[in-house]
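Visitor: Here you go, this is start-v1.cif (mmCIF, C-alpha atoms and all ligand atoms).
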data_work
loop_
_atom_site.label_atom_id
_atom_site.label_comp_id
_atom_site.auth_asym_id
_atom_site.auth_seq_id
_atom_site.Cartn_x
_atom_site.Cartn_y
_atom_site.Cartn_z
CA ARG R 1 -11.90 -11.86 49.38
CA ALA R 2 -15.04 -9.88 50.11
CA ALA R 3 -13.42 -6.71 48.78
CA ARG R 4 -12.38 -8.56 45.63
CA ALA R 5 -15.94 -9.89 45.20
CA VAL R 6 -17.32 -6.33 45.43
CA MET R 7 -14.71 -5.16 42.91
CA GLU R 8 -15.33 -8.00 40.49
CA ALA R 9 -19.13 -7.80 40.69
CA GLY R 10 -18.57 -4.24 39.50
CA GLU R 11 -21.97 -2.92 40.50
CA HIS R 12 -21.02 -1.02 43.68
CA VAL R 13 -17.86 0.42 45.18
CA LEU R 14 -18.49 0.23 48.94
CA MET R 15 -20.74 -2.07 50.96
CA ALA R 16 -21.13 -2.34 54.73
CA GLY R 17 -23.01 -4.16 57.49
CA ALA R 18 -25.69 -6.80 57.02
CA GLY R 19 -25.98 -6.14 53.27
CA ALA R 20 -22.27 -6.70 52.79
CA GLU R 21 -22.45 -9.96 54.76
CA ALA R 22 -25.38 -11.15 52.65
CA PHE R 23 -23.45 -10.23 49.49
CA ALA R 24 -20.41 -12.21 50.69
CA ARG R 25 -22.58 -15.21 51.51
CA GLN R 26 -24.26 -15.06 48.09
CA HIS R 27 -20.82 -15.08 46.48
CA GLY R 28 -19.92 -18.27 48.32
CA LEU R 29 -17.31 -16.76 50.62
CA GLU R 30 -16.38 -18.50 53.85
CA MET R 31 -18.25 -16.95 56.81
CA VAL R 32 -16.96 -16.88 60.40
CA GLU R 33 -18.43 -15.85 63.74
CA PRO R 34 -17.40 -12.38 64.97
CA ASP R 35 -15.23 -13.89 67.72
CA PHE R 36 -12.97 -15.31 64.98
CA PHE R 37 -11.42 -11.81 64.92
CA SER R 38 -11.05 -11.55 68.71
CA THR R 39 -7.51 -12.35 69.85
CA GLU R 40 -5.94 -12.15 73.28
CA ALA R 41 -3.57 -9.39 72.10
CA ARG R 42 -6.50 -7.29 70.85
CA ARG R 43 -8.57 -7.91 74.01
CA ASP R 44 -5.55 -6.85 76.05
CA GLN R 45 -5.26 -3.63 74.01
CA LEU R 46 -8.94 -2.94 74.53
CA ARG R 47 -8.69 -3.47 78.30
CA ARG R 48 -5.79 -0.99 78.46
CA ALA R 49 -7.60 1.57 76.30
CA LEU R 50 -10.74 1.22 78.43
CA ALA R 51 -8.73 1.61 81.64
CA ALA R 52 -7.08 4.74 80.26
CA GLY R 53 -10.38 6.08 78.89
CA GLN R 54 -8.75 6.44 75.46
CA VAL R 55 -9.65 5.78 71.87
CA ALA R 56 -6.19 4.84 70.62
CA LEU R 57 -4.23 3.97 67.52
CA ASP R 58 -2.47 0.74 68.43
CA HIS R 59 0.72 1.89 66.73
CA ASP R 60 0.67 5.51 67.84
CA THR R 61 3.76 6.75 69.59
CA ALA R 62 2.20 9.74 71.32
CA SER R 63 2.04 7.85 74.61
CA GLY R 64 5.47 6.22 74.39
CA PRO R 65 8.10 4.79 72.06
CA LEU R 66 7.21 2.39 69.25
CA ASP R 67 6.72 -1.07 70.69
CA GLU R 68 8.47 -3.56 68.39
CA THR R 69 6.26 -6.40 69.60
CA ARG R 70 2.98 -4.67 68.81
CA LYS R 71 2.86 -4.05 65.08
CA PHE R 72 -0.87 -4.60 64.62
CA GLY R 73 -1.66 -1.44 62.68
CA THR R 74 -2.96 -0.79 59.27
CA VAL R 75 -1.59 -2.76 56.36
CA GLY R 76 -1.51 -0.81 53.12
CA ALA R 77 -0.05 -1.43 49.70
CA VAL R 78 0.31 0.61 46.54
CA ALA R 79 1.48 -0.73 43.21
CA LEU R 80 2.31 0.27 39.66
CA ASP R 81 2.04 -2.61 37.21
CA ARG R 82 3.88 -3.20 33.94
CA ASP R 83 0.97 -1.75 31.96
CA GLY R 84 1.09 1.53 33.87
CA HIS R 85 -1.95 0.87 36.04
CA LEU R 86 -1.95 2.04 39.66
CA ALA R 87 -3.69 0.30 42.56
CA ALA R 88 -4.02 0.92 46.30
CA LEU R 89 -5.47 -1.06 49.18
CA THR R 90 -5.74 -0.57 52.91
CA SER R 91 -6.75 -3.00 55.66
CA THR R 92 -7.13 -2.06 59.32
CA GLY R 93 -8.71 -3.01 62.59
CA GLY R 94 -9.38 0.68 63.09
CA MET R 95 -8.79 2.34 66.42
CA THR R 96 -8.88 0.51 69.74
CA ASN R 97 -11.97 1.32 71.87
CA LYS R 98 -13.77 3.04 68.98
CA ARG R 99 -17.55 3.22 69.18
CA PRO R 100 -19.49 0.39 67.52
CA GLY R 101 -20.45 1.58 64.05
CA ARG R 102 -17.49 3.91 63.67
CA ILE R 103 -16.11 3.86 60.13
CA GLY R 104 -12.52 4.99 59.67
CA ASP R 105 -10.67 6.36 56.69
CA SER R 106 -9.15 3.08 55.46
CA PRO R 107 -12.13 1.76 53.45
CA LEU R 108 -13.29 5.21 52.35
CA ILE R 109 -12.11 5.82 48.81
CA GLY R 110 -10.46 9.23 48.70
CA ALA R 111 -9.80 9.37 52.45
CA GLY R 112 -7.48 6.49 53.40
CA THR R 113 -7.20 4.86 49.99
CA TYR R 114 -7.14 6.17 46.44
CA ALA R 115 -5.64 5.31 43.06
CA ASP R 116 -5.87 7.10 39.73
CA ASP R 117 -3.74 6.05 36.74
CA ARG R 118 -3.21 9.74 35.83
CA THR R 119 -1.56 10.65 39.14
CA ALA R 120 -0.83 8.23 41.99
CA ALA R 121 -1.90 5.35 44.21
CA VAL R 122 -2.07 6.24 47.92
CA SER R 123 -2.67 4.25 51.12
CA CYS R 124 -2.82 6.03 54.49
CA THR R 125 -2.41 5.16 58.15
CA GLY R 126 -3.11 7.25 61.21
CA THR R 127 -5.91 8.98 63.10
CA GLY R 128 -8.64 8.26 60.58
CA GLU R 129 -11.04 11.08 61.41
CA ALA R 130 -8.45 13.64 60.27
CA PHE R 131 -7.74 11.71 57.07
CA ILE R 132 -11.48 11.72 56.33
CA ARG R 133 -11.77 15.45 57.04
CA VAL R 134 -9.07 16.38 54.52
CA ALA R 135 -9.79 13.55 52.03
CA ALA R 136 -6.09 12.84 52.43
CA ALA R 137 -5.45 10.21 49.76
CA HIS R 138 -7.40 12.10 47.11
CA ASP R 139 -5.76 15.36 48.18
CA VAL R 140 -2.35 13.96 47.19
CA CYS R 141 -3.69 13.19 43.68
CA ALA R 142 -5.58 16.50 43.44
CA ARG R 143 -2.44 18.50 44.27
CA MET R 144 -0.69 16.68 41.45
CA ALA R 145 -3.54 16.95 38.94
CA TYR R 146 -4.70 20.50 39.60
CA GLY R 147 -1.65 22.08 41.18
CA GLY R 148 1.08 20.47 39.12
CA GLN R 149 2.99 19.29 42.20
CA ASP R 150 5.17 16.21 41.96
CA LEU R 151 4.38 13.20 44.16
CA ALA R 152 6.93 14.03 46.84
CA ALA R 153 5.73 17.62 47.26
CA ALA R 154 2.05 16.65 47.20
CA ALA R 155 2.48 13.85 49.74
CA ARG R 156 4.60 16.04 52.00
CA ALA R 157 2.04 18.88 51.89
CA VAL R 158 -0.75 16.54 52.96
CA VAL R 159 1.24 14.88 55.76
CA GLU R 160 3.07 17.96 57.03
CA ASP R 161 0.44 20.69 56.48
CA ALA R 162 -3.11 19.52 55.73
CA LEU R 163 -3.27 16.73 58.31
CA PRO R 164 -1.58 18.51 61.25
CA ALA R 165 -3.94 21.46 60.64
CA VAL R 166 -6.81 19.24 61.80
CA GLY R 167 -4.78 17.32 64.41
CA GLY R 168 -4.01 14.40 62.10
CA ARG R 169 -1.20 12.03 63.04
CA GLY R 170 0.12 9.36 60.71
CA GLY R 171 1.53 8.92 57.25
CA LEU R 172 1.03 7.42 53.83
CA ILE R 173 2.68 5.36 51.14
CA ALA R 174 2.30 6.41 47.52
CA VAL R 175 3.58 5.58 44.05
CA ASP R 176 3.03 7.69 40.95
CA ALA R 177 2.47 6.76 37.32
CA ARG R 178 6.23 6.95 36.65
CA GLY R 179 7.12 4.67 39.57
CA ARG R 180 8.35 7.35 41.93
CA VAL R 181 7.61 6.57 45.56
CA ALA R 182 6.87 8.76 48.60
CA MET R 183 6.35 7.51 52.16
CA PRO R 184 6.11 10.55 54.45
CA PHE R 185 4.86 10.43 58.05
CA ASN R 186 4.49 12.93 60.88
CA THR R 187 4.87 10.36 63.66
CA GLU R 188 8.02 8.90 65.19
CA GLY R 189 8.08 5.98 62.77
CA MET R 190 6.10 4.10 60.15
CA TYR R 191 6.75 0.48 59.13
CA ARG R 192 7.27 0.48 55.40
CA GLY R 193 8.92 -1.36 52.55
CA LEU R 194 9.63 -1.02 48.86
CA VAL R 195 10.30 -3.53 46.12
CA ARG R 196 11.08 -2.97 42.43
CA PRO R 197 11.83 -5.60 39.80
CA GLY R 198 15.53 -6.37 39.84
CA ASP R 199 16.22 -4.56 43.13
CA ALA R 200 16.58 -5.99 46.63
CA PRO R 201 13.58 -5.07 48.81
CA THR R 202 14.13 -2.32 51.36
CA THR R 203 12.33 -1.78 54.65
CA ALA R 204 12.38 1.02 57.20
CA ILE R 205 10.73 2.02 60.45
CA PHE R 206 12.23 5.37 61.45
CA GLY R 207 14.04 7.87 59.20
CA ALA R 208 16.74 5.70 57.65
CA SER R 209 16.11 2.67 55.46
CA ARG R 210 17.70 -0.73 55.99
CA ARG R 211 18.53 -3.18 53.19
CA VAL R 212 17.05 -6.63 53.60
CA PRO R 213 17.99 -9.67 51.53
CA ALA R 214 15.64 -10.73 48.75
CA PRO R 215 13.45 -13.69 49.74
CA ALA R 216 14.72 -17.11 48.66
CA ARG R 217 12.84 -18.46 45.64
N1 LIG Q 1 -6.49 4.90 59.93
C1 LIG Q 1 -7.06 3.81 60.70
C2 LIG Q 1 -8.38 4.25 61.27
O1 LIG Q 1 -8.50 5.39 61.70
C3 LIG Q 1 -6.20 3.31 61.79
C4 LIG Q 1 -4.79 2.97 61.44
O2 LIG Q 1 -4.17 3.59 60.58
O3 LIG Q 1 -4.25 2.06 62.07
O4 LIG Q 1 -9.27 3.45 61.35
#
How does this structure look as structure tokens?
Ligand code: ASP

Guide:
Amino acid sequence: RAARAVMEAGEHVLMAGAGAEAFARQHGLEMVEPDFFSTEARRDQLRRALAAGQVALDHDTASGPLDETRKFGTVGAVALDRDGHLAALTSTGGMTNKRPGRIGDSPLIGAGTYADDRTAAVSCTGTGEAFIRVAAAHDVCARMAYGGQDLAAAARAVVEDALPAVGGRGGLIAVDARGRVAMPFNTEGMYRGLVRPGDAPTTAIFGASRRVPAPAR
């Protein structure tokens, strides 16, 4: 709701900290104490990260197989609407045991999130510092706009070349202006789904996709 208020007010693109809270309050949004966001599962993750001396992605597989019960990672969405407009959003808790004040790639337009009607909408997940360093989401669109690559090639180049070159682990979901979709990742798996009008939704975690029934209406 706060993000929507910033978008609809139209004056600024990105707000943070005390000013953002004041803006939300002025726009009549519900305010909660910080401990509203503190859950036992998250505190448990933090204790484990502290004990291991790690700053960790909660859904990273580097230290073991994907844990089906712990799907707390980034939630991203990209969409193409009937008028040909593209949109992207990304929401995340960031990395576990990050320093206070650390800002990841998810809210940074061009890094973890980007949409441009001329090329594509992109939402990223992974080790945010690398995605910031290569401006990953914008890089997909730039490869299409300046280099003439199609979405699949541009997304693959970012995930398989640009990100690993700076130690980046993760993936992205993207849709282009013609409705083509790419969802590459350089990790063991990435939770993802796709829905088009008239088609049954599909979801996938690892390489192969699995059909799921359409929700009852
Ligand atoms: N990219 C996010 C960050 O670095 C984390 C994530 O994808 O879960 O903050």

Visitor: So how far away is atom CA of Ala162 of chain R from atom CA of Gly207 of chain R, in Å?

Guide: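 Distance reported for this atom pair: 21.0 Å.
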
Visitor: Show me which residues are within 6 Å of ligand LIG 1 (chain Q) counting only C-alpha atoms and all ligand atoms, and format the list as a list in words.

Guide: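 Taking only C-alpha atoms and all ligand atoms into account, the residues around ligand LIG 1 (chain Q) at most 6 Å away are Leu57, Gly73, Thr74, Thr92, Gly94, Met95, Gly104, Asp105, Ser106, Thr125, Gly126, Thr127 and Gly128 of chain R.
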
Visitor: Residues within 7 Å of segment 118-124 of chain R, please, as a PDB file with C-alpha atoms, in the frame of the given file. Count all atoms listed in the file; anything in the same chain fewer than 4 positions from it doesn't count.

Guide:
ATOM      1  CA  GLY R  76      -1.510  -0.810  53.120  1.00  0.00           C
ATOM      2  CA  ALA R  77      -0.050  -1.430  49.700  1.00  0.00           C
ATOM      3  CA  VAL R  78       0.310   0.610  46.540  1.00  0.00           C
ATOM      4  CA  LEU R  86      -1.950   2.040  39.660  1.00  0.00           C
ATOM      5  CA  ALA R  87      -3.690   0.300  42.560  1.00  0.00           C
ATOM      6  CA  ALA R  88      -4.020   0.920  46.300  1.00  0.00           C
ATOM      7  CA  LEU R  89      -5.470  -1.060  49.180  1.00  0.00           C
ATOM      8  CA  THR R  90      -5.740  -0.570  52.910  1.00  0.00           C
ATOM      9  CA  GLY R 112      -7.480   6.490  53.400  1.00  0.00           C
ATOM     10  CA  THR R 113      -7.200   4.860  49.990  1.00  0.00           C
ATOM     11  CA  TYR R 114      -7.140   6.170  46.440  1.00  0.00           C
ATOM     12  CA  ALA R 137      -5.450  10.210  49.760  1.00  0.00           C
ATOM     13  CA  CYS R 141      -3.690  13.190  43.680  1.00  0.00           C
ATOM     14  CA  MET R 144      -0.690  16.680  41.450  1.00  0.00           C
ATOM     15  CA  ALA R 145      -3.540  16.950  38.940  1.00  0.00           C
ATOM     16  CA  GLY R 171       1.530   8.920  57.250  1.00  0.00           C
ATOM     17  CA  LEU R 172       1.030   7.420  53.830  1.00  0.00           C
ATOM     18  CA  ILE R 173       2.680   5.360  51.140  1.00  0.00           C
ATOM     19  CA  ALA R 174       2.300   6.410  47.520  1.00  0.00           C
ATOM     20  CA  VAL R 175       3.580   5.580  44.050  1.00  0.00           C
ATOM     21  CA  ASP R 176       3.030   7.690  40.950  1.00  0.00           C
ATOM     22  CA  ALA R 177       2.470   6.760  37.320  1.00  0.00           C
TER      23      ALA R 177
END

Visitor: I'd like the contact shell of Arg133 of chain R - 9 Å cut-off, only C-alpha atoms, skipping same-chain residues fewer than 6 positions apart - returned as a ChimeraX atom specification.

Guide: /R:111,163,166

Visitor: Store the residues picked out above, limited to C-alpha atoms, as a CSV table (one decimal), keeping the file's coordinate frame.

Guide:
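The resulting file, part06.csv, is reproduced below:
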chain,number,residue,atom,x,y,z
R,111,ALA,CA,-9.8,9.4,52.4
R,163,LEU,CA,-3.3,16.7,58.3
R,166,VAL,CA,-6.8,19.2,61.8

Visitor: Smallest atom-to-atom distance to Ser91 of chain R: which of R:Gly110, R:Leu14, R:Ala142, R:Ala3, using all atoms listed in the file?

Guide: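 So, comparing all the options, the nearest one is R:Ala3.
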
Visitor: I'd like the interatomic distance between atom CA of Arg43 of chain R and atom CA of Gly101 of chain R, to a tenth of an Å.

Guide: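 These atoms are spaced 18.2 Å apart.
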
Visitor: Enter the distance from atom CA of Asp117 of chain R to atom CA of Ala135 of chain R, in Å, rounded to one decimal.

Guide: 18.1 Å

Visitor: Could you give me, as a PyMOL selection string, the residues within 6 Å of segment 46-49 of chain R, counting all atoms listed in the file and dropping anything in the same chain fewer than 3 positions from it?

Guide: chain R and resi 43+52-54+96-97

Visitor: Quick one: everything within 9 Å of segment 25-35 of chain R, counting all atoms listed in the file, minus sequence neighbours fewer than 6 positions away in the same chain. Send it as a PyMOL selection string.

Guide: chain R and resi 1-2+5

Visitor: So which residues touch segment 153-159 of chain R within 7 Å, counting all atoms listed in the file, skipping near sequence neighbours fewer than 5 positions away, as a ChimeraX atom specification?

Guide: /R:136,140,143-144,171,182,184-186

Visitor: When you count only C-alpha atoms, which of these residues is closest to Met7 of chain R: R:Val75, R:Val55, R:Ile205, R:Ala24?

Guide: R:Ala24

Visitor: Using only C-alpha atoms, which residue out of R:Arg196, R:Thr39, R:Gly168, R:Phe206 lies closest to Gly93 of chain R?

Guide: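 The answer is R:Thr39, which sits nearest to Gly93 of chain R.
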
Visitor: Missing atoms in segment 138-149 of chain R need filling: write out all heavy atoms for it as a JSON list (two decimals), keeping the file's coordinate frame.

Guide:
[["chain", "number", "residue", "atom", "x", "y", "z"],
["R", 138, "HIS", "N", -7.02, 11.37, 48.33],
["R", 138, "HIS", "CA", -7.40, 12.10, 47.11],
["R", 138, "HIS", "C", -6.68, 13.43, 47.03],
["R", 138, "HIS", "O", -6.32, 13.90, 45.93],
["R", 138, "HIS", "CB", -8.92, 12.32, 47.06],
["R", 138, "HIS", "CG", -9.35, 13.01, 45.80],
["R", 138, "HIS", "ND1", -9.53, 14.37, 45.74],
["R", 138, "HIS", "CD2", -9.56, 12.53, 44.56],
["R", 138, "HIS", "CE1", -9.86, 14.69, 44.50],
["R", 138, "HIS", "NE2", -9.89, 13.60, 43.77],
["R", 139, "ASP", "N", -6.43, 14.05, 48.19],
["R", 139, "ASP", "CA", -5.76, 15.36, 48.18],
["R", 139, "ASP", "C", -4.36, 15.25, 47.56],
["R", 139, "ASP", "O", -3.92, 16.16, 46.86],
["R", 139, "ASP", "CB", -5.69, 15.92, 49.60],
["R", 139, "ASP", "CG", -5.32, 17.39, 49.63],
["R", 139, "ASP", "OD1", -5.61, 18.11, 48.65],
["R", 139, "ASP", "OD2", -4.72, 17.83, 50.63],
["R", 140, "VAL", "N", -3.67, 14.15, 47.82],
["R", 140, "VAL", "CA", -2.35, 13.96, 47.19],
["R", 140, "VAL", "C", -2.51, 14.02, 45.66],
["R", 140, "VAL", "O", -1.79, 14.74, 44.96],
["R", 140, "VAL", "CB", -1.71, 12.62, 47.61],
["R", 140, "VAL", "CG1", -0.44, 12.35, 46.81],
["R", 140, "VAL", "CG2", -1.44, 12.59, 49.11],
["R", 141, "CYS", "N", -3.49, 13.26, 45.14],
["R", 141, "CYS", "CA", -3.69, 13.19, 43.68],
["R", 141, "CYS", "C", -4.18, 14.53, 43.14],
["R", 141, "CYS", "O", -3.79, 14.95, 42.03],
["R", 141, "CYS", "CB", -4.67, 12.07, 43.34],
["R", 141, "CYS", "SG", -4.03, 10.45, 43.80],
["R", 142, "ALA", "N", -5.05, 15.22, 43.91],
["R", 142, "ALA", "CA", -5.58, 16.50, 43.44],
["R", 142, "ALA", "C", -4.47, 17.54, 43.35],
["R", 142, "ALA", "O", -4.42, 18.33, 42.40],
["R", 142, "ALA", "CB", -6.69, 16.97, 44.39],
["R", 143, "ARG", "N", -3.55, 17.55, 44.32],
["R", 143, "ARG", "CA", -2.44, 18.50, 44.27],
["R", 143, "ARG", "C", -1.59, 18.25, 43.03],
["R", 143, "ARG", "O", -1.06, 19.18, 42.43],
["R", 143, "ARG", "CB", -1.60, 18.39, 45.54],
["R", 143, "ARG", "CG", -2.27, 18.99, 46.76],
["R", 143, "ARG", "CD", -1.53, 18.63, 48.04],
["R", 143, "ARG", "NE", -2.30, 19.00, 49.21],
["R", 143, "ARG", "CZ", -2.18, 20.17, 49.85],
["R", 143, "ARG", "NH1", -1.29, 21.04, 49.46],
["R", 143, "ARG", "NH2", -2.95, 20.44, 50.89],
["R", 144, "MET", "N", -1.46, 17.00, 42.66],
["R", 144, "MET", "CA", -0.69, 16.68, 41.45],
["R", 144, "MET", "C", -1.47, 17.08, 40.20],
["R", 144, "MET", "O", -0.93, 17.72, 39.29],
["R", 144, "MET", "CB", -0.39, 15.17, 41.42],
["R", 144, "MET", "CG", 0.53, 14.72, 42.55],
["R", 144, "MET", "SD", 0.68, 12.92, 42.64],
["R", 144, "MET", "CE", 1.71, 12.61, 41.20],
["R", 145, "ALA", "N", -2.76, 16.73, 40.16],
["R", 145, "ALA", "CA", -3.54, 16.95, 38.94],
["R", 145, "ALA", "C", -3.85, 18.43, 38.72],
["R", 145, "ALA", "O", -3.74, 18.93, 37.60],
["R", 145, "ALA", "CB", -4.84, 16.15, 39.00],
["R", 146, "TYR", "N", -4.25, 19.11, 39.78],
["R", 146, "TYR", "CA", -4.70, 20.50, 39.60],
["R", 146, "TYR", "C", -3.59, 21.51, 39.88],
["R", 146, "TYR", "O", -3.61, 22.61, 39.35],
["R", 146, "TYR", "CB", -5.88, 20.82, 40.53],
["R", 146, "TYR", "CG", -6.98, 19.80, 40.56],
["R", 146, "TYR", "CD1", -7.69, 19.54, 41.74],
["R", 146, "TYR", "CD2", -7.34, 19.09, 39.42],
["R", 146, "TYR", "CE1", -8.70, 18.60, 41.79],
["R", 146, "TYR", "CE2", -8.36, 18.14, 39.46],
["R", 146, "TYR", "CZ", -9.03, 17.90, 40.65],
["R", 146, "TYR", "OH", -10.01, 16.96, 40.70],
["R", 147, "GLY", "N", -2.67, 21.12, 40.77],
["R", 147, "GLY", "CA", -1.65, 22.08, 41.18],
["R", 147, "GLY", "C", -0.29, 21.84, 40.53],
["R", 147, "GLY", "O", 0.64, 22.62, 40.74],
["R", 148, "GLY", "N", -0.17, 20.74, 39.80],
["R", 148, "GLY", "CA", 1.08, 20.47, 39.12],
["R", 148, "GLY", "C", 2.23, 20.05, 40.03],
["R", 148, "GLY", "O", 3.38, 20.04, 39.61],
["R", 149, "GLN", "N", 1.91, 19.72, 41.30],
["R", 149, "GLN", "CA", 2.99, 19.29, 42.20],
["R", 149, "GLN", "C", 3.47, 17.89, 41.82],
["R", 149, "GLN", "O", 2.70, 17.10, 41.27],
["R", 149, "GLN", "CB", 2.49, 19.28, 43.66],
["R", 149, "GLN", "CG", 2.27, 20.68, 44.23],
["R", 149, "GLN", "CD", 1.90, 20.64, 45.70],
["R", 149, "GLN", "OE1", 1.40, 19.65, 46.21],
["R", 149, "GLN", "NE2", 2.14, 21.74, 46.39]]
